[in-house]
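Undergrad: Just so it is clear, I am handing over run35.cif, which has mmCIF, N, CA and C atoms (P, O5', C5', C4', C3', O3' and C1' of nucleotides).
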data_entry
loop_
_atom_site.label_atom_id
_atom_site.label_comp_id
_atom_site.auth_asym_id
_atom_site.auth_seq_id
_atom_site.Cartn_x
_atom_site.Cartn_y
_atom_site.Cartn_z
N MET L 1 106.54 91.72 122.59
CA MET L 1 105.77 92.72 121.83
C MET L 1 105.43 92.17 120.46
N SER L 2 104.18 91.94 120.25
CA SER L 2 103.77 91.38 118.96
C SER L 2 103.68 92.48 117.90
N PHE L 3 103.61 92.03 116.70
CA PHE L 3 103.53 92.96 115.57
C PHE L 3 102.32 93.88 115.74
N THR L 4 101.24 93.29 116.19
CA THR L 4 100.01 94.06 116.40
C THR L 4 100.26 95.26 117.32
N GLU L 5 100.89 95.01 118.45
CA GLU L 5 101.15 96.07 119.41
C GLU L 5 101.98 97.17 118.79
N LYS L 6 102.98 96.77 118.03
CA LYS L 6 103.85 97.76 117.38
C LYS L 6 103.05 98.63 116.43
N VAL L 7 102.25 97.97 115.63
CA VAL L 7 101.42 98.70 114.66
C VAL L 7 100.52 99.68 115.39
N LEU L 8 99.85 99.21 116.42
CA LEU L 8 98.95 100.07 117.18
C LEU L 8 99.70 101.26 117.76
N ALA L 9 100.90 100.99 118.27
CA ALA L 9 101.72 102.06 118.84
C ALA L 9 102.03 103.10 117.78
N VAL L 10 102.44 102.64 116.62
CA VAL L 10 102.78 103.55 115.52
C VAL L 10 101.58 104.40 115.14
N VAL L 11 100.45 103.76 114.94
CA VAL L 11 99.24 104.49 114.53
C VAL L 11 98.82 105.47 115.61
N LYS L 12 99.02 105.08 116.84
CA LYS L 12 98.64 105.93 117.95
C LYS L 12 99.45 107.22 117.94
N ARG L 13 100.69 107.12 117.44
CA ARG L 13 101.59 108.29 117.44
C ARG L 13 101.31 109.24 116.29
N ILE L 14 100.43 108.87 115.38
CA ILE L 14 100.15 109.75 114.24
C ILE L 14 99.46 111.03 114.73
N PRO L 15 100.12 112.18 114.50
CA PRO L 15 99.54 113.45 114.94
C PRO L 15 98.28 113.80 114.17
N LYS L 16 97.43 114.59 114.78
CA LYS L 16 96.18 115.00 114.14
C LYS L 16 96.47 115.85 112.91
N GLY L 17 95.78 115.55 111.85
CA GLY L 17 96.00 116.30 110.62
C GLY L 17 97.03 115.63 109.72
N GLN L 18 97.58 114.53 110.17
CA GLN L 18 98.56 113.82 109.34
C GLN L 18 98.11 112.39 109.13
N VAL L 19 98.45 111.86 107.96
CA VAL L 19 98.07 110.48 107.66
C VAL L 19 99.27 109.69 107.20
N LEU L 20 99.26 108.42 107.46
CA LEU L 20 100.33 107.54 107.01
C LEU L 20 99.73 106.45 106.12
N THR L 21 100.55 105.91 105.24
CA THR L 21 100.06 104.83 104.38
C THR L 21 100.25 103.51 105.12
N TYR L 22 99.51 102.52 104.73
CA TYR L 22 99.62 101.19 105.35
C TYR L 22 101.05 100.70 105.21
N LYS L 23 101.60 100.97 104.06
CA LYS L 23 102.97 100.56 103.78
C LYS L 23 103.93 101.17 104.80
N GLU L 24 103.78 102.48 105.02
CA GLU L 24 104.64 103.18 105.96
C GLU L 24 104.50 102.60 107.36
N VAL L 25 103.27 102.42 107.77
CA VAL L 25 103.02 101.88 109.10
C VAL L 25 103.70 100.52 109.24
N ALA L 26 103.54 99.71 108.22
CA ALA L 26 104.14 98.37 108.23
C ALA L 26 105.66 98.49 108.36
N ARG L 27 106.22 99.41 107.61
CA ARG L 27 107.68 99.60 107.63
C ARG L 27 108.14 100.02 109.02
N ARG L 28 107.41 100.96 109.61
CA ARG L 28 107.77 101.44 110.95
C ARG L 28 107.58 100.34 111.99
N ALA L 29 106.66 99.46 111.72
CA ALA L 29 106.37 98.38 112.69
C ALA L 29 107.43 97.29 112.62
N GLY L 30 108.24 97.34 111.57
CA GLY L 30 109.30 96.34 111.48
C GLY L 30 109.28 95.54 110.19
N SER L 31 108.12 95.18 109.73
CA SER L 31 108.02 94.41 108.49
C SER L 31 107.38 95.25 107.40
N LYS L 32 108.21 95.78 106.53
CA LYS L 32 107.67 96.66 105.50
C LYS L 32 106.78 95.93 104.51
N ARG L 33 106.80 94.63 104.52
CA ARG L 33 105.97 93.87 103.58
C ARG L 33 104.65 93.45 104.20
N ALA L 34 104.42 93.87 105.42
CA ALA L 34 103.23 93.40 106.14
C ALA L 34 102.06 94.37 106.08
N TYR L 35 101.98 95.16 105.05
CA TYR L 35 100.88 96.12 104.93
C TYR L 35 99.54 95.40 104.96
N ARG L 36 99.53 94.16 104.50
CA ARG L 36 98.29 93.37 104.52
C ARG L 36 97.86 93.14 105.95
N ALA L 37 98.80 92.68 106.73
CA ALA L 37 98.52 92.39 108.14
C ALA L 37 98.06 93.65 108.85
N VAL L 38 98.67 94.79 108.48
CA VAL L 38 98.28 96.05 109.10
C VAL L 38 96.80 96.29 108.89
N GLY L 39 96.37 96.08 107.66
CA GLY L 39 94.95 96.24 107.36
C GLY L 39 94.11 95.34 108.24
N ASN L 40 94.51 94.13 108.35
CA ASN L 40 93.78 93.15 109.16
C ASN L 40 93.70 93.62 110.61
N ILE L 41 94.82 94.04 111.14
CA ILE L 41 94.89 94.49 112.53
C ILE L 41 94.01 95.71 112.76
N LEU L 42 94.16 96.71 111.91
CA LEU L 42 93.35 97.92 112.07
C LEU L 42 91.87 97.59 111.93
N ASN L 43 91.57 96.62 111.13
CA ASN L 43 90.18 96.23 110.95
C ASN L 43 89.62 95.69 112.26
N ARG L 44 90.40 94.87 112.92
CA ARG L 44 89.97 94.30 114.21
C ARG L 44 89.82 95.40 115.25
N CYS L 45 90.67 96.41 115.15
CA CYS L 45 90.59 97.51 116.10
C CYS L 45 89.30 98.26 115.85
N GLY L 46 88.89 98.24 114.57
CA GLY L 46 87.60 98.82 114.21
C GLY L 46 87.34 100.23 114.68
N GLY L 47 88.33 101.07 114.71
CA GLY L 47 88.11 102.47 115.09
C GLY L 47 88.88 102.85 116.33
N MET L 48 88.47 103.90 117.02
CA MET L 48 89.20 104.36 118.20
C MET L 48 88.75 103.60 119.42
N ARG L 49 88.64 102.32 119.27
CA ARG L 49 88.20 101.46 120.36
C ARG L 49 89.22 101.49 121.50
N SER L 50 90.49 101.64 121.14
CA SER L 50 91.55 101.71 122.14
C SER L 50 92.28 103.03 122.06
N GLY L 51 91.57 104.02 121.54
CA GLY L 51 92.18 105.32 121.38
C GLY L 51 93.13 105.33 120.20
N ILE L 52 92.90 104.42 119.29
CA ILE L 52 93.76 104.33 118.12
C ILE L 52 93.05 104.89 116.89
N PRO L 53 93.56 105.98 116.36
CA PRO L 53 92.96 106.60 115.18
C PRO L 53 93.25 105.84 113.89
N CYS L 54 92.58 104.75 113.71
CA CYS L 54 92.81 103.92 112.52
C CYS L 54 92.49 104.69 111.25
N HIS L 55 91.62 105.69 111.36
CA HIS L 55 91.20 106.43 110.16
C HIS L 55 92.32 107.30 109.61
N ARG L 56 93.42 107.41 110.36
CA ARG L 56 94.54 108.23 109.86
C ARG L 56 95.48 107.40 109.00
N VAL L 57 95.10 106.20 108.69
CA VAL L 57 95.92 105.35 107.83
C VAL L 57 95.21 105.19 106.49
N VAL L 58 95.92 105.58 105.43
CA VAL L 58 95.32 105.54 104.10
C VAL L 58 96.15 104.69 103.15
N ARG L 59 95.69 104.55 101.94
CA ARG L 59 96.43 103.77 100.95
C ARG L 59 97.52 104.59 100.29
N SER L 60 98.40 103.92 99.61
CA SER L 60 99.53 104.60 98.96
C SER L 60 99.06 105.47 97.80
N ASP L 61 97.94 105.12 97.23
CA ASP L 61 97.40 105.86 96.09
C ASP L 61 96.89 107.23 96.52
N GLY L 62 96.70 107.41 97.81
CA GLY L 62 96.17 108.66 98.29
C GLY L 62 94.70 108.52 98.64
N THR L 63 94.11 107.44 98.18
CA THR L 63 92.70 107.19 98.50
C THR L 63 92.60 106.77 99.97
N VAL L 64 91.45 106.98 100.56
CA VAL L 64 91.29 106.70 101.98
C VAL L 64 91.41 105.22 102.30
N GLY L 65 91.05 104.41 101.33
CA GLY L 65 91.12 102.97 101.58
C GLY L 65 89.85 102.49 102.23
N GLY L 66 89.95 101.57 103.13
CA GLY L 66 88.75 101.02 103.75
C GLY L 66 88.60 101.46 105.19
N TYR L 67 87.49 101.10 105.77
CA TYR L 67 87.22 101.46 107.16
C TYR L 67 86.10 100.57 107.69
N ALA L 68 86.32 100.06 108.88
CA ALA L 68 85.35 99.13 109.46
C ALA L 68 83.98 99.78 109.62
N TRP L 69 83.96 101.07 109.88
CA TRP L 69 82.69 101.77 110.10
C TRP L 69 82.18 102.39 108.82
N GLY L 70 82.89 102.19 107.73
CA GLY L 70 82.44 102.76 106.46
C GLY L 70 83.43 103.78 105.93
N THR L 71 83.70 103.68 104.66
CA THR L 71 84.65 104.59 104.02
C THR L 71 84.21 106.04 104.14
N LYS L 72 82.91 106.26 104.03
CA LYS L 72 82.38 107.61 104.10
C LYS L 72 82.73 108.26 105.43
N LYS L 73 82.55 107.48 106.49
CA LYS L 73 82.84 107.97 107.83
C LYS L 73 84.30 108.37 107.94
N LYS L 74 85.14 107.52 107.41
CA LYS L 74 86.58 107.79 107.43
C LYS L 74 86.89 109.09 106.70
N GLU L 75 86.34 109.22 105.53
CA GLU L 75 86.56 110.45 104.75
C GLU L 75 86.12 111.65 105.55
N LYS L 76 84.98 111.54 106.16
CA LYS L 76 84.44 112.66 106.93
C LYS L 76 85.40 113.04 108.05
N LEU L 77 85.86 112.04 108.78
CA LEU L 77 86.79 112.28 109.88
C LEU L 77 88.05 112.97 109.37
N LEU L 78 88.61 112.47 108.28
CA LEU L 78 89.84 113.04 107.74
C LEU L 78 89.62 114.46 107.27
N ARG L 79 88.47 114.72 106.71
CA ARG L 79 88.18 116.07 106.26
C ARG L 79 88.07 117.01 107.45
N LYS L 80 87.52 116.50 108.52
CA LYS L 80 87.40 117.29 109.74
C LYS L 80 88.77 117.68 110.26
N GLU L 81 89.71 116.72 110.14
CA GLU L 81 91.06 116.97 110.64
C GLU L 81 91.92 117.66 109.60
N LYS L 82 91.35 117.92 108.44
CA LYS L 82 92.05 118.59 107.35
C LYS L 82 93.24 117.75 106.87
N ALA L 83 93.12 116.47 107.00
CA ALA L 83 94.21 115.58 106.59
C ALA L 83 94.15 115.31 105.10
N ILE L 84 92.98 115.50 104.52
CA ILE L 84 92.82 115.29 103.07
C ILE L 84 92.08 116.46 102.46
N SER L 85 92.05 116.51 101.15
CA SER L 85 91.35 117.57 100.45
C SER L 85 89.85 117.32 100.52
P DA X 1 96.95 108.92 84.17
"O5'" DA X 1 95.69 108.09 83.59
"C5'" DA X 1 94.52 108.75 83.21
"C4'" DA X 1 93.36 107.78 83.12
"C3'" DA X 1 93.02 107.11 84.46
"O3'" DA X 1 91.61 106.95 84.55
"C1'" DA X 1 93.72 105.47 82.89
P DA X 2 90.90 106.47 85.85
"O5'" DA X 2 90.54 104.95 85.48
"C5'" DA X 2 89.90 104.69 84.26
"C4'" DA X 2 89.82 103.19 84.01
"C3'" DA X 2 89.40 102.39 85.24
"O3'" DA X 2 88.47 101.43 84.83
"C1'" DA X 2 91.41 101.52 84.39
P DT X 3 87.63 100.65 85.95
"O5'" DT X 3 88.62 99.46 86.28
"C5'" DT X 3 88.11 98.22 86.49
"C4'" DT X 3 88.76 97.18 85.56
"C3'" DT X 3 88.89 95.86 86.31
"O3'" DT X 3 88.45 94.79 85.50
"C1'" DT X 3 91.01 96.54 85.52
P DG X 4 88.13 93.40 86.18
"O5'" DG X 4 89.56 92.70 86.14
"C5'" DG X 4 90.22 92.53 84.89
"C4'" DG X 4 91.23 91.40 84.98
"C3'" DG X 4 90.93 90.37 86.06
"O3'" DG X 4 91.33 89.08 85.62
"C1'" DG X 4 92.93 91.56 86.59
P DA X 5 91.24 87.81 86.54
"O5'" DA X 5 92.76 87.62 87.01
"C5'" DA X 5 93.80 87.69 86.04
"C4'" DA X 5 95.16 87.43 86.69
"C3'" DA X 5 95.15 86.36 87.78
"O3'" DA X 5 96.35 85.60 87.71
"C1'" DA X 5 95.87 88.41 88.69
P DG X 6 96.64 84.42 88.73
"O5'" DG X 6 97.84 85.01 89.62
"C5'" DG X 6 98.79 85.86 88.99
"C4'" DG X 6 99.90 86.24 89.96
"C3'" DG X 6 100.16 85.26 91.10
"O3'" DG X 6 101.57 85.17 91.32
"C1'" DG X 6 99.59 87.38 91.98
P DG X 7 102.13 84.19 92.41
"O5'" DG X 7 102.61 85.20 93.55
"C5'" DG X 7 103.36 86.38 93.20
"C4'" DG X 7 103.64 87.18 94.47
"C3'" DG X 7 103.86 86.28 95.69
"O3'" DG X 7 104.95 86.76 96.46
"C1'" DG X 7 102.07 87.78 96.09
P DC X 8 105.80 85.66 97.30
"O5'" DC X 8 106.04 86.46 98.65
"C5'" DC X 8 106.52 87.79 98.63
"C4'" DC X 8 105.92 88.59 99.77
"C3'" DC X 8 106.00 87.85 101.10
"O3'" DC X 8 106.66 88.65 102.06
"C1'" DC X 8 103.80 88.65 100.71
P DC X 9 107.26 87.89 103.34
"O5'" DC X 9 106.32 88.46 104.48
"C5'" DC X 9 106.02 89.85 104.49
"C4'" DC X 9 105.02 90.12 105.58
"C3'" DC X 9 105.15 89.17 106.77
"O3'" DC X 9 105.16 89.88 107.98
"C1'" DC X 9 102.93 89.16 105.96
P DC X 10 105.18 89.03 109.35
"O5'" DC X 10 103.64 89.10 109.72
"C5'" DC X 10 103.21 90.06 110.66
"C4'" DC X 10 101.72 89.95 110.90
"C3'" DC X 10 101.41 88.94 112.00
"O3'" DC X 10 100.75 89.57 113.08
"C1'" DC X 10 100.03 88.57 110.08
P DT X 11 100.69 88.79 114.48
"O5'" DT X 11 99.15 88.43 114.55
"C5'" DT X 11 98.19 89.41 114.17
"C4'" DT X 11 96.82 88.77 114.06
"C3'" DT X 11 96.55 87.76 115.18
"O3'" DT X 11 95.26 87.99 115.71
"C1'" DT X 11 96.22 86.74 113.06
P DA X 12 94.82 87.23 117.04
"O5'" DA X 12 93.78 86.18 116.44
"C5'" DA X 12 92.69 86.66 115.65
"C4'" DA X 12 91.88 85.50 115.11
"C3'" DA X 12 91.52 84.44 116.16
"O3'" DA X 12 90.20 83.97 115.92
"C1'" DA X 12 92.71 83.43 114.40
P DA X 13 89.53 82.96 117.02
"O5'" DA X 13 89.30 81.64 116.16
"C5'" DA X 13 88.76 81.74 114.85
"C4'" DA X 13 88.74 80.38 114.18
"C3'" DA X 13 88.45 79.21 115.13
"O3'" DA X 13 87.62 78.26 114.48
"C1'" DA X 13 90.54 78.85 114.10
P DA T 1 105.73 73.69 112.63
"O5'" DA T 1 104.45 72.91 112.05
"C5'" DA T 1 104.45 71.54 111.75
"C4'" DA T 1 103.27 71.23 110.84
"C3'" DA T 1 103.19 72.18 109.66
"O3'" DA T 1 102.70 71.50 108.51
"C1'" DA T 1 101.27 72.45 111.06
P DT T 2 102.59 72.22 107.14
"O5'" DT T 2 101.00 72.48 106.97
"C5'" DT T 2 100.10 71.48 107.43
"C4'" DT T 2 98.67 71.92 107.17
"C3'" DT T 2 98.53 72.81 105.93
"O3'" DT T 2 97.30 72.50 105.28
"C1'" DT T 2 97.73 73.96 107.81
P DT T 3 96.85 73.25 103.92
"O5'" DT T 3 95.72 74.24 104.49
"C5'" DT T 3 94.70 73.69 105.31
"C4'" DT T 3 93.52 74.64 105.37
"C3'" DT T 3 93.33 75.50 104.12
"O3'" DT T 3 91.94 75.68 103.87
"C1'" DT T 3 93.81 76.90 105.96
P DA T 4 91.45 76.53 102.64
"O5'" DA T 4 91.01 77.88 103.38
"C5'" DA T 4 90.15 77.82 104.52
"C4'" DA T 4 89.85 79.22 105.02
"C3'" DA T 4 89.60 80.22 103.90
"O3'" DA T 4 88.57 81.12 104.29
"C1'" DA T 4 91.39 80.95 105.23
P DG T 5 87.97 82.14 103.20
"O5'" DG T 5 88.39 83.53 103.87
"C5'" DG T 5 88.13 83.73 105.26
"C4'" DG T 5 88.72 85.06 105.70
"C3'" DG T 5 88.61 86.14 104.62
"O3'" DG T 5 88.28 87.36 105.25
"C1'" DG T 5 90.86 85.85 105.24
P DG T 6 87.52 88.46 104.39
"O5'" DG T 6 88.37 89.78 104.67
"C5'" DG T 6 88.70 90.21 106.00
"C4'" DG T 6 89.95 91.11 105.91
"C3'" DG T 6 90.03 91.85 104.58
"O3'" DG T 6 89.63 93.23 104.77
"C1'" DG T 6 92.15 90.86 105.20
P DG T 7 88.52 93.68 103.73
"O5'" DG T 7 89.05 95.10 103.25
"C5'" DG T 7 88.93 96.15 104.13
"C4'" DG T 7 89.83 97.30 103.74
"C3'" DG T 7 91.31 96.97 103.63
"O3'" DG T 7 91.96 98.00 102.87
"C1'" DG T 7 90.94 98.25 105.51
P DC T 8 92.32 97.62 101.33
"O5'" DC T 8 93.88 97.94 101.37
"C5'" DC T 8 94.66 97.77 102.54
"C4'" DC T 8 96.14 97.67 102.12
"C3'" DC T 8 96.49 98.50 100.91
"O3'" DC T 8 97.80 99.08 101.06
"C1'" DC T 8 96.91 96.22 100.45
P DC T 9 98.21 100.11 99.91
"O5'" DC T 9 99.22 99.19 99.09
"C5'" DC T 9 100.37 98.66 99.74
"C4'" DC T 9 101.32 98.05 98.73
"C3'" DC T 9 101.59 98.92 97.51
"O3'" DC T 9 102.96 98.90 97.16
"C1'" DC T 9 100.65 96.84 96.84
P DT T 10 103.54 99.86 95.98
"O5'" DT T 10 103.80 98.83 94.78
"C5'" DT T 10 104.28 97.53 95.10
"C4'" DT T 10 104.37 96.66 93.84
"C3'" DT T 10 104.61 97.47 92.57
"O3'" DT T 10 105.57 96.78 91.78
"C1'" DT T 10 102.66 96.15 92.31
P DC T 11 106.12 97.46 90.45
"O5'" DC T 11 105.68 96.35 89.38
"C5'" DC T 11 105.86 94.98 89.69
"C4'" DC T 11 105.19 94.10 88.63
"C3'" DC T 11 105.43 94.60 87.21
"O3'" DC T 11 105.62 93.48 86.35
"C1'" DC T 11 103.11 94.57 87.66
P DA T 12 105.97 93.76 84.80
"O5'" DA T 12 104.64 93.29 84.08
"C5'" DA T 12 104.02 92.07 84.50
"C4'" DA T 12 102.71 91.87 83.72
"C3'" DA T 12 102.81 92.28 82.25
"O3'" DA T 12 102.03 91.40 81.46
"C1'" DA T 12 101.13 93.54 83.31
P DT T 13 102.14 91.39 79.89
"O5'" DT T 13 101.00 92.42 79.51
"C5'" DT T 13 100.05 92.03 78.58
"C4'" DT T 13 98.64 91.97 79.19
"C3'" DT T 13 97.60 92.42 78.16
"O3'" DT T 13 96.45 91.62 78.29
"C1'" DT T 13 97.50 93.83 80.04
#
For the file at hand, write its structure as structure tokens.
TA:
Amino acid sequence: MSFTEKVLAVVKRIPKGQVLTYKEVARRAGSKRAYRAVGNILNRCGGMRSGIPCHRVVRSDGTVGGYAWGTKKKEKLLRKEKAIS
DNA sequence: AATGAGGCCCTAA
DNA sequence: ATTAGGGCCTCAT
């Protein structure tokens, strides 16, 4: 089981309406210092390509962070799920 | 409060 | 084995 798979599994388990930080995801995946890699991985996933809600992962600051399809799209999705203000 | 520079972890070439 | 890149995080101006 590679780190990527673990990360994807973690993100997949995020319930609707809830968001996790990259840091948290990295920590749950095993390497709490790998938040960078998490970003890279989610970027490759580029959305719900595998049923993985990458848009439910945000930055520690509370900002949405980045998104392969565009930050605006991510914000919109999160607002739809009431995950953010 | 808002930038700038550094650093660690992973994947792909 | 090494290099480059990334949706980041933190510390110090």
Undergrad: What is the O5' of DC9 (chain X)-atom C of Gly17 (chain L) distance in Å, reported with one decimal?
TA: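 That distance, rounded to one decimal, is 29.2 Å.
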Undergrad: Translate the PyMOL selection byres ((chain L and name CA+C1') within 12 of (chain X and name CA+C1')) into a concrete residue list for this structure, as a PDB file with N, CA and C atoms, in the coordinates of the input.
TA:
ATOM      1  N   SER L   2     104.180  91.940 120.250  1.00  0.00           N
ATOM      2  CA  SER L   2     103.770  91.380 118.960  1.00  0.00           C
ATOM      3  C   SER L   2     103.680  92.480 117.900  1.00  0.00           C
ATOM      4  N   PHE L   3     103.610  92.030 116.700  1.00  0.00           N
ATOM      5  CA  PHE L   3     103.530  92.960 115.570  1.00  0.00           C
ATOM      6  C   PHE L   3     102.320  93.880 115.740  1.00  0.00           C
ATOM      7  N   THR L   4     101.240  93.290 116.190  1.00  0.00           N
ATOM      8  CA  THR L   4     100.010  94.060 116.400  1.00  0.00           C
ATOM      9  C   THR L   4     100.260  95.260 117.320  1.00  0.00           C
ATOM     10  N   VAL L   7     102.250  97.970 115.630  1.00  0.00           N
ATOM     11  CA  VAL L   7     101.420  98.700 114.660  1.00  0.00           C
ATOM     12  C   VAL L   7     100.520  99.680 115.390  1.00  0.00           C
ATOM     13  N   LYS L  23     101.600 100.970 104.060  1.00  0.00           N
ATOM     14  CA  LYS L  23     102.970 100.560 103.780  1.00  0.00           C
ATOM     15  C   LYS L  23     103.930 101.170 104.800  1.00  0.00           C
ATOM     16  N   ALA L  26     103.540  99.710 108.220  1.00  0.00           N
ATOM     17  CA  ALA L  26     104.140  98.370 108.230  1.00  0.00           C
ATOM     18  C   ALA L  26     105.660  98.490 108.360  1.00  0.00           C
ATOM     19  N   ARG L  27     106.220  99.410 107.610  1.00  0.00           N
ATOM     20  CA  ARG L  27     107.680  99.600 107.630  1.00  0.00           C
ATOM     21  C   ARG L  27     108.140 100.020 109.020  1.00  0.00           C
ATOM     22  N   ALA L  29     106.660  99.460 111.720  1.00  0.00           N
ATOM     23  CA  ALA L  29     106.370  98.380 112.690  1.00  0.00           C
ATOM     24  C   ALA L  29     107.430  97.290 112.620  1.00  0.00           C
ATOM     25  N   GLY L  30     108.240  97.340 111.570  1.00  0.00           N
ATOM     26  CA  GLY L  30     109.300  96.340 111.480  1.00  0.00           C
ATOM     27  C   GLY L  30     109.280  95.540 110.190  1.00  0.00           C
ATOM     28  N   SER L  31     108.120  95.180 109.730  1.00  0.00           N
ATOM     29  CA  SER L  31     108.020  94.410 108.490  1.00  0.00           C
ATOM     30  C   SER L  31     107.380  95.250 107.400  1.00  0.00           C
ATOM     31  N   LYS L  32     108.210  95.780 106.530  1.00  0.00           N
ATOM     32  CA  LYS L  32     107.670  96.660 105.500  1.00  0.00           C
ATOM     33  C   LYS L  32     106.780  95.930 104.510  1.00  0.00           C
ATOM     34  N   ARG L  33     106.800  94.630 104.520  1.00  0.00           N
ATOM     35  CA  ARG L  33     105.970  93.870 103.580  1.00  0.00           C
ATOM     36  C   ARG L  33     104.650  93.450 104.200  1.00  0.00           C
ATOM     37  N   ALA L  34     104.420  93.870 105.420  1.00  0.00           N
ATOM     38  CA  ALA L  34     103.230  93.400 106.140  1.00  0.00           C
ATOM     39  C   ALA L  34     102.060  94.370 106.080  1.00  0.00           C
ATOM     40  N   TYR L  35     101.980  95.160 105.050  1.00  0.00           N
ATOM     41  CA  TYR L  35     100.880  96.120 104.930  1.00  0.00           C
ATOM     42  C   TYR L  35      99.540  95.400 104.960  1.00  0.00           C
ATOM     43  N   ARG L  36      99.530  94.160 104.500  1.00  0.00           N
ATOM     44  CA  ARG L  36      98.290  93.370 104.520  1.00  0.00           C
ATOM     45  C   ARG L  36      97.860  93.140 105.950  1.00  0.00           C
ATOM     46  N   ALA L  37      98.800  92.680 106.730  1.00  0.00           N
ATOM     47  CA  ALA L  37      98.520  92.390 108.140  1.00  0.00           C
ATOM     48  C   ALA L  37      98.060  93.650 108.850  1.00  0.00           C
ATOM     49  N   VAL L  38      98.670  94.790 108.480  1.00  0.00           N
ATOM     50  CA  VAL L  38      98.280  96.050 109.100  1.00  0.00           C
ATOM     51  C   VAL L  38      96.800  96.290 108.890  1.00  0.00           C
ATOM     52  N   GLY L  39      96.370  96.080 107.660  1.00  0.00           N
ATOM     53  CA  GLY L  39      94.950  96.240 107.360  1.00  0.00           C
ATOM     54  C   GLY L  39      94.110  95.340 108.240  1.00  0.00           C
ATOM     55  N   ASN L  40      94.510  94.130 108.350  1.00  0.00           N
ATOM     56  CA  ASN L  40      93.780  93.150 109.160  1.00  0.00           C
ATOM     57  C   ASN L  40      93.700  93.620 110.610  1.00  0.00           C
ATOM     58  N   ILE L  41      94.820  94.040 111.140  1.00  0.00           N
ATOM     59  CA  ILE L  41      94.890  94.490 112.530  1.00  0.00           C
ATOM     60  C   ILE L  41      94.010  95.710 112.760  1.00  0.00           C
ATOM     61  N   LEU L  42      94.160  96.710 111.910  1.00  0.00           N
ATOM     62  CA  LEU L  42      93.350  97.920 112.070  1.00  0.00           C
ATOM     63  C   LEU L  42      91.870  97.590 111.930  1.00  0.00           C
ATOM     64  N   ASN L  43      91.570  96.620 111.130  1.00  0.00           N
ATOM     65  CA  ASN L  43      90.180  96.230 110.950  1.00  0.00           C
ATOM     66  C   ASN L  43      89.620  95.690 112.260  1.00  0.00           C
ATOM     67  N   ARG L  44      90.400  94.870 112.920  1.00  0.00           N
ATOM     68  CA  ARG L  44      89.970  94.300 114.210  1.00  0.00           C
ATOM     69  C   ARG L  44      89.820  95.400 115.250  1.00  0.00           C
TER      70      ARG L  44
END
Undergrad: Which residues fall under the PyMOL selection byres ((chain T and name CA+C1') within 8 of (chain L and name CA+C1')) in this file, as a list of chain:residue names?
TA: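 Taken over the shown coordinates, the PyMOL selection byres ((chain T and name CA+C1') within 8 of (chain L and name CA+C1')) returns T:DG6, T:DG7, T:DC8.
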Undergrad: Set the distance at 10 Å and use only C-alpha atoms (C1' of nucleotides): which residues neighbour Ile14 (chain L) once local chain neighbours fewer than 6 positions away are removed? I'd like the list as number ranges by chain.
TA: L: 20, 25, 52-54, 56-57
Undergrad: Rounded to one decimal in Å, what is the spacing between atom N of Val11 (chain L) and C1' of DC11 (chain T)?
TA: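 It comes out at 28.9 Å.
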Undergrad: Calculate how many Å separate CA of Cys45 (chain L) from CA of Leu78 (chain L), rounding to one decimal.
TA: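 It comes out at 17.7 Å.
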Undergrad: Among chain L, which ones does DSSP assign to alpha helix (DSSP H) (computed from the backbone)? Answer as a ChimeraX atom specification.
TA: /L:3-12,22-29,35-45,71-80
Undergrad: Just list the residues in region 1-82 of chain L DSSP gives strand (DSSP E or B) on the backbone, as a list in words.
TA: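 Listing strand (DSSP E or B) positions across region 1-82 of chain L yields Leu20, Thr21, Val57 and Val58 of chain L.
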Undergrad: Residues as selected, N, CA and C atoms, written as a PDB file, keeping the file's coordinate frame, can you do that?
TA:
ATOM      1  N   LEU L  20      99.260 108.420 107.460  1.00  0.00           N
ATOM      2  CA  LEU L  20     100.330 107.540 107.010  1.00  0.00           C
ATOM      3  C   LEU L  20      99.730 106.450 106.120  1.00  0.00           C
ATOM      4  N   THR L  21     100.550 105.910 105.240  1.00  0.00           N
ATOM      5  CA  THR L  21     100.060 104.830 104.380  1.00  0.00           C
ATOM      6  C   THR L  21     100.250 103.510 105.120  1.00  0.00           C
ATOM      7  N   VAL L  57      95.100 106.200 108.690  1.00  0.00           N
ATOM      8  CA  VAL L  57      95.920 105.350 107.830  1.00  0.00           C
ATOM      9  C   VAL L  57      95.210 105.190 106.490  1.00  0.00           C
ATOM     10  N   VAL L  58      95.920 105.580 105.430  1.00  0.00           N
ATOM     11  CA  VAL L  58      95.320 105.540 104.100  1.00  0.00           C
ATOM     12  C   VAL L  58      96.150 104.690 103.150  1.00  0.00           C
TER      13      VAL L  58
END
Undergrad: Please define a box with edges along x, y and z of the file around all atoms of region 2-10 of chain X given in the file, extend it by 4 Å on each side, and return its centre and edge lengths in Å to one decimal, as AutoDock Vina command-line options.
TA:
--center_x 97.4 --center_y 95.3 --center_z 98.5 --size_x 27.6 --size_y 30.3 --size_z 37.1
Undergrad: Could you list as a ChimeraX atom specification every residue that has an atom within 8 Å of (93.2, 115.2, 105.6), using the file's coordinates and counting all atoms listed in the file?
TA: /L:17-19,75,77-85
